[in-house]
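Q: The structure follows.
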Amino acid sequence: MKHKLRLMTLAFASLPSLAAAADLGIDATSLIRLEERSVPGFKDENVVPATQFLGVDLDKLGDGNLSFHLHGWGRVDLAHRSTDEGTTDGDLSYAYLAYRFPKADGLIRLGRFYVYEGIAAEQLDGVSVRGDLAKGFTASLFGGAPVRLDITDRNKGDYVVGGRVGFRVPGILEIGASALREGNTDTGQTADLKNYRQLVGGDIWLAPFRMIEVRGHSSYNTATDGFAEHSYLVLFQPLKDLSISAEYNDYRLKDYFASTNLRSLFNPDKGETLRSYGGSVTYVIAKPVEVSADYKRINYHGDSHGNTHRYGGEVRLTLADRKVRAGVSYHRADSSRADVNSYHEVRGWGLYDATAYFASLDAIAHFYRQSIDTRSHDYEFVGSAGYRILPNLALSGDIAYGRNPRLDSELRGVVRLTWNFTSTSKGAAK
Amino acid sequence: MRRIKLLSLCAAFVGAMALTACTHVISQETSLPSSHPEALGEGRVDCSECHEDKIKGVLKPYASFSHTPVFVKNHRFYAGEDGRLCGVCHKPSFCTDCHANELEIKPSIRYGNRPDRELVHRGDYLTRHRIDGKIDPTSCFKCHGRTNNEQCVACHR
């Protein structure tokens, strides 16, 4: 926490010096939640956490290609404690300088940021570089210190490095190879664990014909010597308004969960494989009406949790230049094992966004095969209404009411103030 | 010490890149704009409403990035190859609303006014997660189990 505060102060202190003659953007969201938690057998308790989200973007610094981006949040409890942590908490999700080259999509980042490159999805304090090369090649590289969790340092290393190279044939193919190494991870009590995390992988995009696309990736864990994941998706679009997809996923838990810091939940030691496959169909009946159906079969090879079918469907309406949006859906999770529960989910929602006012309603319910703590179902209603005081300043409030196996009743109010400021009128705000 | 070594390694890479920039190793294509020239409102985007053909630099058809239900559910494949394209329209904070190292508010509560979005964990998830977590823990591991665990350890050790 202290460390984070220091980082935040440092980041803010450096703003004015950078800001000279730049474009400034600020996104601020203040959220106050008011919750009445009524647990059977306990006195009702009120919690009132106030959370502030803040994003700052400074563009066109220096020669015009340099920019600075920051985002974080902080929370104070105004009544009872809302979590098991202290009455305040916060996190700096990113703060980095970026230099964009006018050619080849070159980008250098320095600071705290996220990288998504092939099989890597990391948050780190460090440097990243990417660019397109001649003849269809691309390259990227990143390195630094992985961002640790507040609660535990376990299984986060001292450094993480990685990168990806890609090769593209315009409109037909992209293949990529990526690798990642996190070193000096703390293995805790479990002495037989490797003290590093190392993955190599490949990804593909292939569009052999106009109507067909294949996407996917595989990753191999070289620390545990086994494939961690194979995930592939095939898209087929025979008509403009009809699209069909099929997916296949294969995870070896020994290799996929190897780097977890919650071994009790994400247990790599059972030597299991989880395979799933399924598909979906989406049909746009008429411009405002979209219907979709999906199915997925999930199989454990190993016997802890058995097999499951998940399926469902959704109808979505989009009317009046997207001012009115609505949907209904049904989903089912049907497990073949008696000791894993199953449920039905039904949901209906709608929203209306006039220029000054906006409002929405959402209702969701679940029906369980086996009652949980004597209740066989739960439901929640959320109603929301808001007003745009200025085009970039909006105030909204939600009221949610629900009953569920944990709580006799759950009543929640949310007050939300959002402010998006930009000092420039050029280009579209993100 | 290690970090310093690493940093100097990266610095060397950057230097090398700058040096070779003038040669023909680097693509001569102009970069994507830093933001999308036309403001797009809320709700899912169909790129083919306004675009045809291929995206420069990305070398894939615009239509392939239309935000269909399948795109939204499988955006991880798209992000892994063309993250810089996402950055044309999305600030990283758009992604960290759902992908965080540490967060306390469920996306569905933070955006209680956006029932149209595909936000994780609507309704009473503390109950339902016991079922989903058993059915397929690999789907959770993309966001929990290595990161964003603070709320979990209250009940799971």
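Residues are named by chain letter and number: chains run A, B, ... in the order of the structure tokens, numbers start at 1 in each chain, and ligands are numbered from 1 in the order shown.
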Within 7 Å of chain B, which residues of chain A are there when counting only C-alpha atoms? Please give them as a ChimeraX atom specification.
A: /A:71,84,91,102-105,116-119,132-134,143-144,149,151,159,170-171,215-216,260-262,264,266,305,308,340-341,349,360,362,364,380,384,398,404,427-430
Q: Excluding Lys156 (chain A) and residues on its chain fewer than 6 positions from it, collect all residues at most 10 Å away from it, counting only C-alpha atoms, and give them as a list in words.
A: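 Once the adjacent positions are removed, what remains is Ala145, Pro146, Val147, Arg148, Leu149, Glu182, Gly183, Asn184, Thr185, Asp186, Thr187, Asn195, Tyr196, Arg197, Ser259, Thr260 and Asn261 of chain A; Arg146 and Thr147 of chain B.
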Q: Quick one: residues within 9 Å of Ile285 (chain A), only C-alpha atoms, excluding same-chain residues fewer than 5 positions away - as a ChimeraX atom specification?
A: /A:241-242,290-291
Q: Region 181-390 of chain A: which residues are helix (DSSP H, G or I) by DSSP, as an MDAnalysis selection string?
A: chainID A and resid 253:256 268:270
Q: Extract, using only C-alpha atoms, all DNA, RNA and protein residues at most 7 Å from region 332-335 of chain A, discarding same-chain residues fewer than 6 positions from it, and format them as an MDAnalysis selection string.
A: chainID A and resid 307:312 341:345
Q: Among region 210-378 of chain A, which residues does DSSP mark as strand (DSSP E or B) when it is run on the backbone? Keep the chain and numbering as in the structure and answer as number ranges by chain.
A: A: 212-221, 226-239, 242-252, 273-286, 289-301, 307-319, 324-335, 343-353, 357-372, 375-378
Q: Which neighbours of region 413-418 of chain A fall inside 6 Å, counting only C-alpha atoms, when residues of the same chain fewer than 2 positions from it are skipped, and could you give them as a PDB file with all heavy atoms, in the first residue's frame?
A:
ATOM      1  N   ALA A  28     -12.523  10.477 -14.788  1.00  0.00           N
ATOM      2  CA  ALA A  28     -12.671  10.256 -13.356  1.00  0.00           C
ATOM      3  C   ALA A  28     -14.050   9.661 -13.112  1.00  0.00           C
ATOM      4  O   ALA A  28     -15.043  10.150 -13.633  1.00  0.00           O
ATOM      5  CB  ALA A  28     -12.504  11.563 -12.612  1.00  0.00           C
ATOM      6  N   THR A  29     -14.084   8.568 -12.365  1.00  0.00           N
ATOM      7  CA  THR A  29     -15.359   7.975 -11.969  1.00  0.00           C
ATOM      8  C   THR A  29     -15.366   7.861 -10.461  1.00  0.00           C
ATOM      9  O   THR A  29     -14.443   7.270  -9.884  1.00  0.00           O
ATOM     10  CB  THR A  29     -15.549   6.577 -12.589  1.00  0.00           C
ATOM     11  OG1 THR A  29     -15.464   6.684 -14.002  1.00  0.00           O
ATOM     12  CG2 THR A  29     -16.899   5.989 -12.215  1.00  0.00           C
ATOM     13  N   SER A  30     -16.370   8.453  -9.818  1.00  0.00           N
ATOM     14  CA  SER A  30     -16.519   8.281  -8.376  1.00  0.00           C
ATOM     15  C   SER A  30     -17.718   7.378  -8.162  1.00  0.00           C
ATOM     16  O   SER A  30     -18.768   7.588  -8.753  1.00  0.00           O
ATOM     17  CB  SER A  30     -16.795   9.617  -7.688  1.00  0.00           C
ATOM     18  OG  SER A  30     -15.983  10.623  -8.244  1.00  0.00           O
ATOM     19  N   LEU A  31     -17.521   6.362  -7.327  1.00  0.00           N
ATOM     20  CA  LEU A  31     -18.598   5.412  -7.058  1.00  0.00           C
ATOM     21  C   LEU A  31     -18.811   5.345  -5.567  1.00  0.00           C
ATOM     22  O   LEU A  31     -17.863   5.099  -4.816  1.00  0.00           O
ATOM     23  CB  LEU A  31     -18.195   4.008  -7.493  1.00  0.00           C
ATOM     24  CG  LEU A  31     -18.405   3.487  -8.893  1.00  0.00           C
ATOM     25  CD1 LEU A  31     -18.122   1.999  -8.892  1.00  0.00           C
ATOM     26  CD2 LEU A  31     -19.806   3.733  -9.386  1.00  0.00           C
ATOM     27  N   ILE A  32     -20.025   5.550  -5.131  1.00  0.00           N
ATOM     28  CA  ILE A  32     -20.333   5.282  -3.729  1.00  0.00           C
ATOM     29  C   ILE A  32     -21.346   4.148  -3.706  1.00  0.00           C
ATOM     30  O   ILE A  32     -22.390   4.224  -4.347  1.00  0.00           O
ATOM     31  CB  ILE A  32     -20.892   6.537  -3.035  1.00  0.00           C
ATOM     32  CG1 ILE A  32     -19.824   7.628  -3.079  1.00  0.00           C
ATOM     33  CG2 ILE A  32     -21.273   6.227  -1.585  1.00  0.00           C
ATOM     34  CD1 ILE A  32     -20.247   8.920  -2.457  1.00  0.00           C
ATOM     35  N   ARG A  33     -20.979   3.081  -3.029  1.00  0.00           N
ATOM     36  CA  ARG A  33     -21.899   1.952  -2.898  1.00  0.00           C
ATOM     37  C   ARG A  33     -22.512   1.994  -1.509  1.00  0.00           C
ATOM     38  O   ARG A  33     -21.817   2.274  -0.531  1.00  0.00           O
ATOM     39  CB  ARG A  33     -21.149   0.630  -3.072  1.00  0.00           C
ATOM     40  CG  ARG A  33     -20.734   0.331  -4.496  1.00  0.00           C
ATOM     41  CD  ARG A  33     -19.868  -0.911  -4.577  1.00  0.00           C
ATOM     42  NE  ARG A  33     -18.515  -0.678  -4.056  1.00  0.00           N
ATOM     43  CZ  ARG A  33     -17.692  -1.641  -3.675  1.00  0.00           C
ATOM     44  NH1 ARG A  33     -18.072  -2.901  -3.711  1.00  0.00           N
ATOM     45  NH2 ARG A  33     -16.481  -1.352  -3.223  1.00  0.00           N
ATOM     46  N   LEU A  34     -23.802   1.749  -1.430  1.00  0.00           N
ATOM     47  CA  LEU A  34     -24.465   1.655  -0.124  1.00  0.00           C
ATOM     48  C   LEU A  34     -25.084   0.269  -0.088  1.00  0.00           C
ATOM     49  O   LEU A  34     -25.967  -0.036  -0.890  1.00  0.00           O
ATOM     50  CB  LEU A  34     -25.561   2.713   0.000  1.00  0.00           C
ATOM     51  CG  LEU A  34     -25.110   4.154  -0.279  1.00  0.00           C
ATOM     52  CD1 LEU A  34     -25.752   4.692  -1.519  1.00  0.00           C
ATOM     53  CD2 LEU A  34     -25.396   5.030   0.913  1.00  0.00           C
ATOM     54  N   LEU A 393     -20.131  15.100 -18.378  1.00  0.00           N
ATOM     55  CA  LEU A 393     -20.294  14.927 -16.934  1.00  0.00           C
ATOM     56  C   LEU A 393     -21.652  14.280 -16.670  1.00  0.00           C
ATOM     57  O   LEU A 393     -22.688  14.857 -16.988  1.00  0.00           O
ATOM     58  CB  LEU A 393     -20.215  16.288 -16.233  1.00  0.00           C
ATOM     59  CG  LEU A 393     -20.393  16.284 -14.717  1.00  0.00           C
ATOM     60  CD1 LEU A 393     -19.193  15.635 -14.048  1.00  0.00           C
ATOM     61  CD2 LEU A 393     -20.573  17.708 -14.188  1.00  0.00           C
ATOM     62  N   ALA A 394     -21.622  13.048 -16.147  1.00  0.00           N
ATOM     63  CA  ALA A 394     -22.881  12.327 -15.963  1.00  0.00           C
ATOM     64  C   ALA A 394     -23.016  11.819 -14.539  1.00  0.00           C
ATOM     65  O   ALA A 394     -22.049  11.355 -13.933  1.00  0.00           O
ATOM     66  CB  ALA A 394     -22.961  11.163 -16.943  1.00  0.00           C
ATOM     67  N   LEU A 395     -24.225  11.912 -14.031  1.00  0.00           N
ATOM     68  CA  LEU A 395     -24.522  11.410 -12.695  1.00  0.00           C
ATOM     69  C   LEU A 395     -25.549  10.302 -12.857  1.00  0.00           C
ATOM     70  O   LEU A 395     -26.551  10.470 -13.550  1.00  0.00           O
ATOM     71  CB  LEU A 395     -25.111  12.547 -11.852  1.00  0.00           C
ATOM     72  CG  LEU A 395     -25.491  12.200 -10.407  1.00  0.00           C
ATOM     73  CD1 LEU A 395     -24.238  11.896  -9.589  1.00  0.00           C
ATOM     74  CD2 LEU A 395     -26.268  13.344  -9.767  1.00  0.00           C
ATOM     75  N   SER A 396     -25.284   9.140 -12.248  1.00  0.00           N
ATOM     76  CA  SER A 396     -26.275   8.079 -12.351  1.00  0.00           C
ATOM     77  C   SER A 396     -26.378   7.328 -11.035  1.00  0.00           C
ATOM     78  O   SER A 396     -25.478   7.386 -10.193  1.00  0.00           O
ATOM     79  CB  SER A 396     -25.940   7.120 -13.499  1.00  0.00           C
ATOM     80  OG  SER A 396     -24.653   6.575 -13.328  1.00  0.00           O
ATOM     81  N   GLY A 397     -27.488   6.658 -10.857  1.00  0.00           N
ATOM     82  CA  GLY A 397     -27.713   5.899  -9.635  1.00  0.00           C
ATOM     83  C   GLY A 397     -28.364   4.573  -9.957  1.00  0.00           C
ATOM     84  O   GLY A 397     -29.192   4.481 -10.862  1.00  0.00           O
ATOM     85  N   ASP A 398     -27.947   3.501  -9.240  1.00  0.00           N
ATOM     86  CA  ASP A 398     -28.545   2.181  -9.421  1.00  0.00           C
ATOM     87  C   ASP A 398     -29.161   1.746  -8.100  1.00  0.00           C
ATOM     88  O   ASP A 398     -28.623   2.053  -7.028  1.00  0.00           O
ATOM     89  CB  ASP A 398     -27.495   1.102  -9.745  1.00  0.00           C
ATOM     90  CG  ASP A 398     -26.568   1.474 -10.880  1.00  0.00           C
ATOM     91  OD1 ASP A 398     -26.883   2.424 -11.610  1.00  0.00           O
ATOM     92  OD2 ASP A 398     -25.525   0.797 -11.022  1.00  0.00           O
ATOM     93  N   ILE A 399     -30.230   0.990  -8.202  1.00  0.00           N
ATOM     94  CA  ILE A 399     -30.735   0.290  -7.017  1.00  0.00           C
ATOM     95  C   ILE A 399     -30.847  -1.174  -7.378  1.00  0.00           C
ATOM     96  O   ILE A 399     -31.392  -1.524  -8.429  1.00  0.00           O
ATOM     97  CB  ILE A 399     -32.113   0.846  -6.590  1.00  0.00           C
ATOM     98  CG1 ILE A 399     -31.917   2.246  -6.014  1.00  0.00           C
ATOM     99  CG2 ILE A 399     -32.759  -0.070  -5.546  1.00  0.00           C
ATOM    100  CD1 ILE A 399     -33.137   2.836  -5.401  1.00  0.00           C
TER     101      ILE A 399
END
Q: Of the candidates A:Ser245, A:Ser423, A:Ser178, A:Thr87, which one gets nearest to Gln198 (chain A) if we count only C-alpha atoms?
A: A:Ser178
Q: Write out as a PyMOL selection string the residues lying within 12 Å of Lys73 (chain B), counting only C-alpha atoms and excluding same-chain residues fewer than 6 positions away.
A: (chain A and resi 233+245+247+279-280+294) or (chain B and resi 67+79+117-120+139)
Q: Could you please take those selected residues and save N, CA, C and O atoms as a compact mmCIF listing (two decimals), in the first residue's frame?
A:
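selection_15.txt, freshly written:
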# COMPACT_ATOMS: atom_id res chain seq x y z
N LEU A 233 -10.33 -21.81 -32.70
CA LEU A 233 -11.66 -21.32 -33.03
C LEU A 233 -11.77 -21.28 -34.55
O LEU A 233 -10.87 -20.80 -35.23
N SER A 245 -19.67 -20.69 -35.46
CA SER A 245 -18.33 -20.86 -34.93
C SER A 245 -18.21 -22.21 -34.25
O SER A 245 -19.20 -22.76 -33.76
N GLU A 247 -15.35 -24.30 -31.53
CA GLU A 247 -14.13 -24.12 -30.76
C GLU A 247 -13.68 -25.44 -30.13
O GLU A 247 -14.48 -26.35 -29.90
N GLY A 279 -19.80 -24.81 -29.97
CA GLY A 279 -20.01 -23.94 -31.11
C GLY A 279 -21.13 -22.97 -30.87
O GLY A 279 -21.81 -23.03 -29.84
N SER A 280 -21.28 -22.07 -31.82
CA SER A 280 -22.36 -21.10 -31.70
C SER A 280 -22.87 -20.71 -33.07
O SER A 280 -22.17 -20.87 -34.08
N ASP A 294 -25.65 -21.06 -28.28
CA ASP A 294 -24.32 -21.61 -28.09
C ASP A 294 -24.37 -22.92 -27.30
O ASP A 294 -25.32 -23.18 -26.55
N HIS B 67 -17.46 -6.46 -33.78
CA HIS B 67 -17.67 -6.96 -32.42
C HIS B 67 -18.94 -7.81 -32.31
O HIS B 67 -19.92 -7.43 -31.71
N ALA B 79 -6.62 -10.08 -29.38
CA ALA B 79 -5.73 -9.20 -28.62
C ALA B 79 -4.29 -9.69 -28.68
O ALA B 79 -3.36 -8.89 -28.71
N ARG B 117 -23.76 -4.89 -21.81
CA ARG B 117 -22.39 -5.34 -21.97
C ARG B 117 -22.18 -6.74 -21.42
O ARG B 117 -22.92 -7.22 -20.58
N GLU B 118 -21.11 -7.39 -21.92
CA GLU B 118 -20.80 -8.77 -21.55
C GLU B 118 -19.92 -8.75 -20.29
O GLU B 118 -18.77 -9.16 -20.33
N LEU B 119 -20.44 -8.22 -19.19
CA LEU B 119 -19.61 -8.06 -17.99
C LEU B 119 -19.66 -9.33 -17.16
O LEU B 119 -20.72 -9.95 -17.01
N VAL B 120 -18.50 -9.71 -16.61
CA VAL B 120 -18.44 -10.98 -15.88
C VAL B 120 -19.21 -10.89 -14.56
O VAL B 120 -19.31 -9.82 -13.96
N SER B 139 -11.14 -21.37 -17.01
CA SER B 139 -11.71 -20.09 -17.46
C SER B 139 -11.46 -19.01 -16.42
O SER B 139 -11.35 -17.84 -16.75
Q: Which one of A:Ser292, A:Gln123, A:Ser140, A:Gln52 sits closest to Thr88 (chain A) if you count only C-alpha atoms?
A: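 Going through A:Ser292, A:Gln123, A:Ser140, A:Gln52 one by one, the smallest distance to Thr88 (chain A) is for A:Gln52.
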Q: Here is a test: counting only C-alpha atoms, which residue of A:Gly327, A:Gly64, A:Pro405, A:Gly41 is nearest to Phe101 (chain A)?
A: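 Going through A:Gly327, A:Gly64, A:Pro405, A:Gly41 one by one, the smallest distance to Phe101 (chain A) is for A:Gly64.
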